[in-house]
Amino acid sequence: MWSWVAHRVTGVLIFFFLFVHVLDTALVRVSPEAYDDVVATYKTPIVAVLEYGLVAAILFHALNGLRVIAVDFWSKGPRFQKQLLWSVVGIWLVLMVGAIYPVLGHAAREVFGS
């Protein structure tokens, strides 16, 4: 049940990110200066944490989507759905630990110094 809820929530979050991304990219045609100001805010540590959350949402949504496909189209999928879920969670955790430095490294250097 919780994977179903998390899949829907991450899907909605990704949708809203894409909506905001299209809007801020379209801003360059209206006012290049305003676009530069928006992009400058994206380089702050708070946005880096939000970006890490976006990576978490995309990774979980993608991995859980593969699990849903396996459960739906593999004849033994329903029997192994709990093991598949824990595999998704394990892979997601490993990838999220691996994403800490690439995504949050700049923000950590800015907050704590080089």
# chains A, B, ... in the order shown; residues from 1 in each chain; ligands from 1

call {"tool": "residues_around", "arguments": {"residues": "Gly105 (chain A)", "least_positions_apart": "5", "cutoff": "12 Å", "atoms": "only C-alpha atoms", "output": "ChimeraX atom specification"}}
result
/A:43-45,48-49,51-52,98-100,110-114

call {"tool": "write_last_selection", "arguments": {"atoms": "C-alpha atoms", "output": "PDB file, in the first residue's frame"}}
result
ATOM      1  CA  LYS A  43      22.632  27.795  -6.834  1.00  0.00           C
ATOM      2  CA  THR A  44      21.698  28.168  -3.165  1.00  0.00           C
ATOM      3  CA  PRO A  45      22.146  25.346  -0.611  1.00  0.00           C
ATOM      4  CA  ALA A  48      20.492  21.852  -3.598  1.00  0.00           C
ATOM      5  CA  VAL A  49      18.623  19.976  -0.857  1.00  0.00           C
ATOM      6  CA  GLU A  51      17.354  18.955  -5.912  1.00  0.00           C
ATOM      7  CA  TYR A  52      18.478  15.953  -3.841  1.00  0.00           C
ATOM      8  CA  GLY A  98      25.984   7.540  -4.041  1.00  0.00           C
ATOM      9  CA  ALA A  99      24.199  10.759  -5.058  1.00  0.00           C
ATOM     10  CA  ILE A 100      25.023  12.660  -1.862  1.00  0.00           C
ATOM     11  CA  GLU A 110      29.309  26.783   0.268  1.00  0.00           C
ATOM     12  CA  VAL A 111      27.937  26.308   3.793  1.00  0.00           C
ATOM     13  CA  PHE A 112      31.016  24.835   5.489  1.00  0.00           C
ATOM     14  CA  GLY A 113      33.781  26.221   3.279  1.00  0.00           C
ATOM     15  CA  SER A 114      36.222  24.358   1.083  1.00  0.00           C
TER      16      SER A 114
END

call {"tool": "closest_atom_pairs", "arguments": {"of": "region 14-89 of chain A", "to": "region 1-9 of chain A", "cutoff": "12 Å", "atoms": "only C-alpha atoms", "output": "Markdown table"}}
result
| residue | atom | partner | partner_atom | distance |
| --- | --- | --- | --- | --- |
| A:Ile14 | CA | A:Val9 | CA | 8.6 |
| A:Phe15 | CA | A:Val9 | CA | 9.8 |
| A:Phe16 | CA | A:Val9 | CA | 10.7 |
| A:Leu54 | CA | A:Val9 | CA | 11.8 |
| A:Ala56 | CA | A:Ala6 | CA | 11.3 |
| A:Ala57 | CA | A:Val9 | CA | 8.6 |
| A:Ile58 | CA | A:His7 | CA | 9.8 |
| A:Leu59 | CA | A:His7 | CA | 10.6 |
| A:Phe60 | CA | A:His7 | CA | 7.5 |
| A:His61 | CA | A:His7 | CA | 5.6 |
| A:Ala62 | CA | A:His7 | CA | 9.0 |
| A:Leu63 | CA | A:His7 | CA | 9.7 |
| A:Asn64 | CA | A:His7 | CA | 6.9 |
| A:Gly65 | CA | A:His7 | CA | 7.8 |
| A:Leu66 | CA | A:His7 | CA | 11.3 |
| A:Arg67 | CA | A:Ser3 | CA | 10.1 |
| A:Val68 | CA | A:Trp4 | CA | 9.4 |
| A:Gln81 | CA | A:Ser3 | CA | 10.9 |
| A:Lys82 | CA | A:Ser3 | CA | 10.4 |
| A:Leu84 | CA | A:Ser3 | CA | 11.2 |
| A:Leu85 | CA | A:Ser3 | CA | 7.9 |
| A:Trp86 | CA | A:Ser3 | CA | 10.4 |
| A:Val88 | CA | A:Ser3 | CA | 10.1 |
| A:Val89 | CA | A:Ser3 | CA | 9.8 |

call {"tool": "residues_around", "arguments": {"residues": "Val38 (chain A)", "least_positions_apart": "3", "cutoff": "10 Å", "atoms": "only C-alpha atoms", "output": "JSON, numbers by chain"}}
result
{"A": [24, 25, 27, 28, 32, 33, 34, 35, 41, 42, 43]}

call {"tool": "write_last_selection", "arguments": {"atoms": "C-alpha atoms", "output": "PDB file, in the first residue's frame"}}
result
ATOM      1  CA  ASP A  24      11.287  29.217 -15.653  1.00  0.00           C
ATOM      2  CA  THR A  25      12.755  28.210 -19.007  1.00  0.00           C
ATOM      3  CA  LEU A  27      11.007  33.193 -18.688  1.00  0.00           C
ATOM      4  CA  VAL A  28      14.156  33.632 -20.784  1.00  0.00           C
ATOM      5  CA  PRO A  32      16.615  37.422 -19.708  1.00  0.00           C
ATOM      6  CA  GLU A  33      17.521  39.382 -16.556  1.00  0.00           C
ATOM      7  CA  ALA A  34      14.676  37.780 -14.594  1.00  0.00           C
ATOM      8  CA  TYR A  35      15.743  34.393 -15.915  1.00  0.00           C
ATOM      9  CA  THR A  41      18.545  31.237  -6.790  1.00  0.00           C
ATOM     10  CA  TYR A  42      19.006  27.670  -7.999  1.00  0.00           C
ATOM     11  CA  LYS A  43      22.632  27.795  -6.834  1.00  0.00           C
TER      12      LYS A  43
END

call {"tool": "atom_distance", "arguments": {"atom1": "CA of His106 (chain A)", "atom2": "CA of Leu50 (chain A)"}}
result
13.4 Å

call {"tool": "atom_distance", "arguments": {"atom1": "CA of Val47 (chain A)", "atom2": "CA of Gly11 (chain A)"}}
result
19.5 Å

call {"tool": "closest_residue", "arguments": {"among": "A:Val103, A:Leu23, A:Ile69, A:Trp74", "to": "Ile46 (chain A)", "atoms": "only C-alpha atoms"}}
result
A:Val103

call {"tool": "decode", "arguments": {"residues": "region 47-102 of chain A", "atoms": "C-alpha atoms", "output": "short mmCIF file (atom, residue, chain, number, x, y, z; two decimals), in the first residue's frame"}}
result
data_model
loop_
_atom_site.label_atom_id
_atom_site.label_comp_id
_atom_site.auth_asym_id
_atom_site.auth_seq_id
_atom_site.Cartn_x
_atom_site.Cartn_y
_atom_site.Cartn_z
CA VAL A 47 17.70 24.46 -3.60
CA ALA A 48 20.49 21.85 -3.60
CA VAL A 49 18.62 19.98 -0.86
CA LEU A 50 15.42 20.24 -2.90
CA GLU A 51 17.35 18.96 -5.91
CA TYR A 52 18.48 15.95 -3.84
CA GLY A 53 14.80 15.36 -3.02
CA LEU A 54 14.01 15.53 -6.72
CA VAL A 55 16.67 12.91 -7.42
CA ALA A 56 15.15 10.76 -4.67
CA ALA A 57 11.67 11.10 -6.15
CA ILE A 58 12.78 10.33 -9.70
CA LEU A 59 14.85 7.31 -8.66
CA PHE A 60 12.09 5.84 -6.49
CA HIS A 61 9.44 6.47 -9.13
CA ALA A 62 11.56 4.84 -11.85
CA LEU A 63 12.60 1.82 -9.78
CA ASN A 64 9.12 1.27 -8.40
CA GLY A 65 7.73 1.60 -11.93
CA LEU A 66 10.00 -1.26 -13.01
CA ARG A 67 8.73 -3.27 -10.03
CA VAL A 68 5.12 -2.59 -11.04
CA ILE A 69 5.90 -3.73 -14.58
CA ALA A 70 7.50 -6.92 -13.23
CA VAL A 71 4.50 -7.64 -10.98
CA ASP A 72 2.04 -7.01 -13.82
CA PHE A 73 3.77 -8.76 -16.71
CA TRP A 74 5.88 -11.50 -15.09
CA SER A 75 3.87 -14.61 -14.26
CA LYS A 76 5.68 -15.01 -10.92
CA GLY A 77 5.62 -11.27 -10.18
CA PRO A 78 2.72 -11.24 -7.71
CA ARG A 79 4.34 -14.04 -5.73
CA PHE A 80 7.60 -12.08 -5.37
CA GLN A 81 6.20 -8.57 -5.01
CA LYS A 82 7.41 -8.14 -1.42
CA GLN A 83 10.96 -9.22 -2.33
CA LEU A 84 10.85 -6.94 -5.37
CA LEU A 85 9.77 -4.03 -3.17
CA TRP A 86 12.65 -4.58 -0.75
CA SER A 87 15.02 -4.87 -3.71
CA VAL A 88 13.76 -1.51 -4.99
CA VAL A 89 14.25 0.06 -1.55
CA GLY A 90 17.77 -1.38 -1.27
CA ILE A 91 18.83 -0.23 -4.74
CA TRP A 92 17.25 3.17 -4.09
CA LEU A 93 19.17 3.57 -0.81
CA VAL A 94 22.48 2.63 -2.45
CA LEU A 95 21.89 5.08 -5.29
CA MET A 96 20.84 7.85 -2.91
CA VAL A 97 23.98 7.39 -0.82
CA GLY A 98 25.98 7.54 -4.04
CA ALA A 99 24.20 10.76 -5.06
CA ILE A 100 25.02 12.66 -1.86
CA TYR A 101 28.37 14.08 -2.97
CA PRO A 102 27.53 14.84 -6.62
#
